[in-house]
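Content type mmCIF, C-alpha atoms, from the file upload_5.cif:
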```cif
data_model
#
loop_
_atom_site.label_atom_id
_atom_site.label_comp_id
_atom_site.auth_asym_id
_atom_site.auth_seq_id
_atom_site.Cartn_x
_atom_site.Cartn_y
_atom_site.Cartn_z
CA GLY O 11 94.78 109.14 102.65
CA GLN O 12 93.11 106.27 104.37
CA SER O 13 93.08 104.79 107.84
CA LEU O 14 91.46 101.81 109.50
CA GLU O 15 90.89 101.23 113.18
CA GLN O 16 90.44 97.90 114.88
CA PRO O 17 90.69 96.79 118.51
CA SER O 18 94.12 95.40 119.23
CA GLU O 19 92.95 92.32 121.08
CA VAL O 20 89.76 90.41 121.82
CA THR O 21 89.36 87.40 124.10
CA ALA O 22 86.56 84.84 124.18
CA VAL O 23 85.84 81.26 125.15
CA GLU O 24 85.11 78.28 122.99
CA GLY O 25 81.56 78.18 121.68
CA ALA O 26 81.02 81.89 122.16
CA ILE O 27 80.33 84.60 119.59
CA VAL O 28 82.74 87.45 119.04
CA GLN O 29 82.52 90.61 116.94
CA ILE O 30 85.57 92.44 115.62
CA ASN O 31 84.86 95.99 114.54
CA CYS O 32 86.57 98.06 111.89
CA THR O 33 86.09 101.72 111.13
CA TYR O 34 87.71 103.31 108.13
CA GLN O 35 88.41 106.61 106.48
CA THR O 36 89.10 106.61 102.77
CA SER O 37 89.04 109.03 99.87
CA GLY O 38 87.00 106.55 97.88
CA PHE O 39 85.60 103.17 98.68
CA TYR O 40 85.42 99.88 96.85
CA GLY O 41 84.69 97.38 99.55
CA LEU O 42 85.89 96.01 102.84
CA SER O 43 87.77 92.72 103.11
CA TRP O 44 88.74 90.56 106.04
CA TYR O 45 91.84 88.40 106.31
CA GLN O 46 92.89 85.87 108.95
CA GLN O 47 96.49 85.26 109.94
CA HIS O 48 97.66 82.57 112.34
CA ASP O 49 100.93 83.07 114.17
CA GLY O 50 103.78 82.33 111.82
CA GLY O 51 101.42 82.02 108.88
CA ALA O 52 100.31 84.08 105.93
CA PRO O 53 97.16 86.19 105.68
CA THR O 54 94.29 84.30 104.12
CA PHE O 55 91.13 85.79 102.70
CA LEU O 56 87.94 85.39 104.73
CA SER O 57 85.26 87.64 103.30
CA TYR O 58 84.41 90.72 101.31
CA ASN O 59 81.62 93.30 101.50
CA GLY O 60 81.09 95.58 98.56
CA LEU O 61 77.58 96.62 99.49
CA ASP O 62 75.82 97.32 102.76
CA GLY O 63 74.58 94.35 104.69
CA LEU O 64 75.62 91.00 105.97
CA GLU O 65 77.62 88.35 104.14
CA GLU O 66 77.65 84.88 105.68
CA THR O 67 80.21 82.14 105.12
CA GLY O 68 79.75 79.26 107.51
CA ARG O 69 80.58 80.31 111.05
CA PHE O 70 81.88 83.66 109.88
CA SER O 71 79.81 86.67 108.84
CA SER O 72 80.85 90.13 107.81
CA PHE O 73 78.81 93.31 107.87
CA LEU O 74 79.23 96.65 106.19
CA SER O 75 77.61 100.04 106.61
CA ARG O 76 79.04 102.45 104.07
CA SER O 77 77.17 105.43 105.49
CA ASP O 78 78.87 104.83 108.84
CA SER O 79 82.24 103.81 107.35
CA TYR O 80 82.01 100.78 109.57
CA GLY O 81 82.14 97.06 109.31
CA TYR O 82 82.55 94.04 111.51
CA LEU O 83 83.50 90.41 111.40
CA LEU O 84 81.33 88.06 113.42
CA LEU O 85 82.69 84.69 114.45
CA GLN O 86 80.22 82.17 115.85
CA GLU O 87 80.70 78.89 117.67
CA LEU O 88 84.28 79.82 118.38
CA GLN O 89 86.88 77.10 118.21
CA MET O 90 90.43 77.08 119.53
CA LYS O 91 91.71 77.14 115.96
CA ASP O 92 90.08 80.56 115.50
CA SER O 93 92.82 82.07 117.67
CA ALA O 94 94.58 84.30 115.17
CA SER O 95 94.90 87.87 114.04
CA TYR O 96 92.14 89.35 111.92
CA PHE O 97 92.72 92.25 109.55
CA CYS O 98 90.22 94.46 107.82
CA ALA O 99 91.35 95.99 104.56
CA VAL O 100 90.00 98.49 102.07
CA ARG O 101 90.58 98.90 98.38
CA ASP O 102 90.75 102.60 97.90
CA GLU O 103 90.48 104.62 94.73
CA GLY O 104 92.55 107.34 96.32
CA THR O 105 95.60 105.12 96.49
CA GLY O 106 95.00 103.18 93.33
CA PHE O 107 92.13 100.83 92.90
CA GLN O 108 94.32 97.78 93.02
CA LYS O 109 95.90 98.54 96.37
CA LEU O 110 94.70 96.96 99.58
CA VAL O 111 95.34 98.94 102.75
CA PHE O 112 95.28 96.80 105.88
CA GLY O 113 94.28 97.70 109.40
CA THR O 114 96.62 97.01 112.27
CA GLY O 115 94.87 93.76 113.08
CA THR O 116 92.91 92.33 116.00
CA ARG O 117 94.41 89.46 117.91
CA LEU O 118 91.72 86.99 118.94
CA LEU O 119 92.49 84.67 121.82
CA VAL O 120 90.07 81.77 122.29
CA SER O 121 90.29 79.92 125.58
CA PRO O 122 88.77 76.57 126.59
CA ASP J 1 97.82 74.73 92.15
CA ALA J 2 100.67 74.99 94.64
CA GLY J 3 99.76 78.52 95.59
CA VAL J 4 102.20 81.40 95.81
CA ILE J 5 105.72 80.13 96.35
CA GLN J 6 108.39 82.14 98.12
CA SER J 7 112.03 81.44 98.79
CA PRO J 8 113.90 81.37 100.99
CA ARG J 9 111.53 80.82 103.90
CA HIS J 10 114.12 82.12 106.35
CA GLU J 11 117.13 84.33 105.81
CA VAL J 12 119.70 85.48 108.31
CA THR J 13 122.32 87.87 107.06
CA GLU J 14 124.70 90.51 108.26
CA MET J 15 124.27 94.20 107.85
CA GLY J 16 125.58 95.42 104.53
CA GLN J 17 124.95 92.20 102.67
CA GLU J 18 122.67 91.90 99.66
CA VAL J 19 119.43 89.99 100.14
CA THR J 20 117.28 88.63 97.34
CA LEU J 21 113.79 87.33 97.98
CA ARG J 22 111.98 85.34 95.34
CA CYS J 23 108.36 84.76 94.46
CA LYS J 24 106.42 82.62 92.05
CA PRO J 25 102.80 83.77 91.76
CA ILE J 26 99.82 81.56 91.05
CA SER J 27 99.70 80.75 87.37
CA GLY J 28 97.34 83.00 85.47
CA HIS J 29 97.26 85.76 88.04
CA ASP J 30 97.71 89.24 86.62
CA TYR J 31 98.81 91.07 89.74
CA LEU J 32 101.73 90.52 92.06
CA PHE J 33 102.24 92.35 95.34
CA TRP J 34 105.16 92.58 97.76
CA TYR J 35 104.33 93.31 101.41
CA ARG J 36 106.41 93.76 104.53
CA GLN J 37 105.08 92.94 107.98
CA THR J 38 106.51 94.12 111.28
CA MET J 39 105.07 94.48 114.75
CA MET J 40 105.52 98.23 114.66
CA ARG J 41 104.20 99.01 111.20
CA GLY J 42 101.87 96.12 110.49
CA LEU J 43 101.34 94.89 106.94
CA GLU J 44 102.64 97.40 104.39
CA LEU J 45 102.42 97.23 100.63
CA LEU J 46 105.84 97.87 99.09
CA ILE J 47 105.18 97.53 95.38
CA TYR J 48 102.84 95.83 92.96
CA PHE J 49 102.99 94.69 89.36
CA ASN J 50 100.34 94.25 86.70
CA ASN J 51 101.26 91.95 83.83
CA ASN J 52 104.92 92.15 84.91
CA VAL J 53 104.96 95.97 84.87
CA PRO J 54 105.54 97.86 88.13
CA ILE J 55 102.50 100.02 88.75
CA ASP J 56 103.06 101.58 92.15
CA ASP J 57 106.29 101.50 94.13
CA SER J 58 105.39 104.30 96.50
CA GLY J 59 105.67 101.92 99.44
CA MET J 60 109.29 101.01 98.77
CA PRO J 61 111.09 102.47 101.78
CA GLU J 62 114.23 103.74 100.04
CA ASP J 63 116.62 103.19 97.19
CA ARG J 64 118.14 100.19 98.88
CA PHE J 65 115.02 98.28 97.88
CA SER J 66 114.33 97.20 94.32
CA ALA J 67 111.91 94.76 92.73
CA LYS J 68 111.69 93.14 89.35
CA MET J 69 109.31 90.87 87.52
CA PRO J 70 111.09 89.57 84.41
CA ASN J 71 108.21 87.28 83.48
CA ALA J 72 104.75 86.26 84.59
CA SER J 73 105.99 83.50 86.83
CA PHE J 74 108.81 85.11 88.76
CA SER J 75 109.56 88.20 90.80
CA THR J 76 112.40 89.30 93.05
CA LEU J 77 112.71 91.81 95.84
CA LYS J 78 116.27 92.88 96.51
CA ILE J 79 117.71 94.79 99.43
CA GLN J 80 121.21 96.16 98.97
CA PRO J 81 122.77 96.91 101.36
CA SER J 82 120.64 95.38 104.09
CA GLU J 83 120.24 97.00 107.50
CA PRO J 84 118.94 95.64 110.83
CA ARG J 85 115.76 97.70 110.49
CA ASP J 86 114.91 95.68 107.39
CA SER J 87 114.26 92.67 109.59
CA ALA J 88 110.66 91.66 108.94
CA VAL J 89 108.48 89.08 107.26
CA TYR J 90 108.18 89.74 103.54
CA PHE J 91 105.09 88.40 101.81
CA CYS J 92 104.39 88.03 98.15
CA ALA J 93 100.76 87.87 97.03
CA SER J 94 99.03 87.49 93.70
CA SER J 95 95.53 88.02 92.36
CA LEU J 96 93.47 87.94 89.23
CA ALA J 97 92.58 91.08 87.31
CA LEU J 98 90.40 93.23 89.44
CA GLU J 99 86.75 93.94 89.02
CA LEU J 100 84.33 95.82 91.21
CA ALA J 101 83.20 92.50 92.59
CA GLN J 102 84.92 90.53 95.29
CA GLU J 103 88.62 90.19 94.87
CA THR J 104 91.06 88.04 96.77
CA GLN J 105 94.77 88.26 97.21
CA TYR J 106 96.56 84.98 97.75
CA PHE J 107 99.58 85.26 99.99
CA GLY J 108 102.70 83.16 99.95
CA PRO J 109 104.16 81.73 103.17
CA GLY J 110 106.53 84.65 103.58
CA THR J 111 110.26 85.07 104.00
CA ARG J 112 111.42 85.78 107.53
CA LEU J 113 114.41 88.06 107.25
CA LEU J 114 116.77 88.82 110.09
CA VAL J 115 119.57 91.28 109.50
CA LEU J 116 122.21 91.23 112.21
#
```

Just give me the structure of the file as structure tokens.
Amino acid sequence: GQSLEQPSEVTAVEGAIVQINCTYQTSGFYGLSWYQQHDGGAPTFLSYNGLDGLEETGRFSSFLSRSDSYGYLLLQELQMKDSASYFCAVRDEGTGFQKLVFGTGTRLLVSP
Amino acid sequence: DAGVIQSPRHEVTEMGQEVTLRCKPISGHDYLFWYRQTMMRGLELLIYFNNNVPIDDSGMPEDRFSAKMPNASFSTLKIQPSEPRDSAVYFCASSLALELAQETQYFGPGTRLLVL
């Protein structure tokens, strides 16, 4: 089987930097994805790491260490609109390559 | 493209009634996924299709749930009979054929189901 662990909630202020960690256990591994979901909205894709290292997309970066089964999402220059839930997800050969398994999500609260 | 379209956006029904949720994936996408999201269980994959064929329905909670994809542009998720514990947000998502490179699932706006 597979499992992912994320902190349930993170708080920060506007302009700050926040890191959301994700550790996973899978029977195979084909990359770590991150999705953002605003309250009442749908999950939307943010980033993907298939190989070790850092991927940067504007204010957001995502890191992966396959040897540590660990990744994180880094949000810089936080804005109020970044308040949302953030999910890490793995695509796991053990459950079928096409299936995404989502973590329980981290609720980010950005205050003025 | 209009993105993934789901209907209805909200559904309130009484226990025992049949509920049908509908989804139109993004044109050209090969895969269609049905998810359920609740506070207790998070985002769960119920079933997914590849080229209209159900591939994995191991996430379907019980026989009361069924899903079909009669063509590439339409899928339904049916609950019969519905129960209060089925209350959740149901998302449909679609994606292109998968490769080992980055892959993205595009989610619809969801159907918020409340079973009384």

query: With all atoms listed in the file as the atoms that count, which of J:Met40, J:Met69, J:Leu113, J:Val53 lies nearest to chain O?
result: J:Met40

- prompt: Skipping near chain neighbours, those fewer than 5 positions away, what residues fall within 7 Å of stretch 87-91 of chain O using only C-alpha atoms, listed as a PyMOL selection string?
  reply: chain O and resi 24-27+69+120-121

Dump as a PDB file, keeping the file's coordinate frame, selection limited to C-alpha atoms:
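So the final result, stored in part_11.pdb, reads:
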```
ATOM      1  CA  GLU O  24      85.110  78.280 122.990  1.00  0.00           C
ATOM      2  CA  GLY O  25      81.560  78.180 121.680  1.00  0.00           C
ATOM      3  CA  ALA O  26      81.020  81.890 122.160  1.00  0.00           C
ATOM      4  CA  ILE O  27      80.330  84.600 119.590  1.00  0.00           C
ATOM      5  CA  ARG O  69      80.580  80.310 111.050  1.00  0.00           C
ATOM      6  CA  VAL O 120      90.070  81.770 122.290  1.00  0.00           C
ATOM      7  CA  SER O 121      90.290  79.920 125.580  1.00  0.00           C
TER       8      SER O 121
END
```

- request: One decimal, Å: what's the distance from atom CA of J:Ile55 over to atom CA of O:Leu110, could you say?
  value: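 Going from atom CA of J:Ile55 over to atom CA of O:Leu110 covers 13.7 Å.
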
field: Residues matched by the PyMOL selection byres ((chain J and resi 92) around 6), written as a VMD selection string
entry: chain J and resid 33 to 34 91 93 107 to 108

- request: Compare O:Gln12, O:Gln86, O:Gln46, O:Ser57 by their minimum atom-to-atom distance to O:Ser72, counting all atoms listed in the file, and give me the closest one.
  value: O:Ser57

Step by step, gather every atom of stretch 41-52 of chain O that the file lists, find the box along x, y and z that holds them, add 8 Å on each side, and finally give centre and edge lengths in Å to one decimal, as lines of an AutoDock Vina configuration file.
```
center_x = 94.2
center_y = 89.7
center_z = 106.9
size_x = 35.1
size_y = 31.4
size_z = 30.6
```

- request: On this file, the PyMOL selection byres ((chain J) within 12 of (chain O)) gives some set of residues; write that set as a PyMOL selection string.
  value: chain J and resi 3-6+9-10+30-50+55-59+88-112

- prompt: Separation of atom CA of O:Val23 and atom CA of O:Arg117, in Å?
  reply: 13.9 Å

query: Mind pulling up the distance from atom CA of O:Tyr96 to atom CA of O:Tyr80?
result: 15.5 Å

Could you pull out every residue with an atom within 7 Å of (90.4, 86.6, 122.8), file coordinates, counting all atoms listed in the file, and send them as a PDB file with C-alpha atoms, in the frame of the given file?
```
ATOM      1  CA  GLU O  19      92.950  92.320 121.080  1.00  0.00           C
ATOM      2  CA  VAL O  20      89.760  90.410 121.820  1.00  0.00           C
ATOM      3  CA  THR O  21      89.360  87.400 124.100  1.00  0.00           C
ATOM      4  CA  ALA O  22      86.560  84.840 124.180  1.00  0.00           C
ATOM      5  CA  ARG O 117      94.410  89.460 117.910  1.00  0.00           C
ATOM      6  CA  LEU O 118      91.720  86.990 118.940  1.00  0.00           C
ATOM      7  CA  LEU O 119      92.490  84.670 121.820  1.00  0.00           C
ATOM      8  CA  VAL O 120      90.070  81.770 122.290  1.00  0.00           C
TER       9      VAL O 120
END
```

query: How would you write, as a ChimeraX atom specification, the residues chosen by the PyMOL selection byres ((chain J and resi 15) around 6) on this structure?
result: /J:14,16-17,82-83,115-116

- prompt: Near O:Leu64, counting all atoms listed in the file, which residues have an atom at most 7 Å away, once you skip same-chain residues fewer than 3 positions from it, shown as a list of chain:residue names?
  reply: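 Counting only the stated atoms, we get O:Ser71, O:Ser72, O:Phe73, O:Leu74.
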
- request: Just the residues within 7 Å of O:Thr33, please, counting all atoms listed in the file, with nothing from its chain fewer than 5 positions along; format it as a ChimeraX atom specification.
  value: /O:14-16,79-81

Residue selection dump (C-alpha atoms) as a compact mmCIF listing (two decimals), in the coordinates of the input:
```
# COMPACT_ATOMS: atom_id res chain seq x y z
CA LEU O 14 91.46 101.81 109.50
CA GLU O 15 90.89 101.23 113.18
CA GLN O 16 90.44 97.90 114.88
CA SER O 79 82.24 103.81 107.35
CA TYR O 80 82.01 100.78 109.57
CA GLY O 81 82.14 97.06 109.31
```
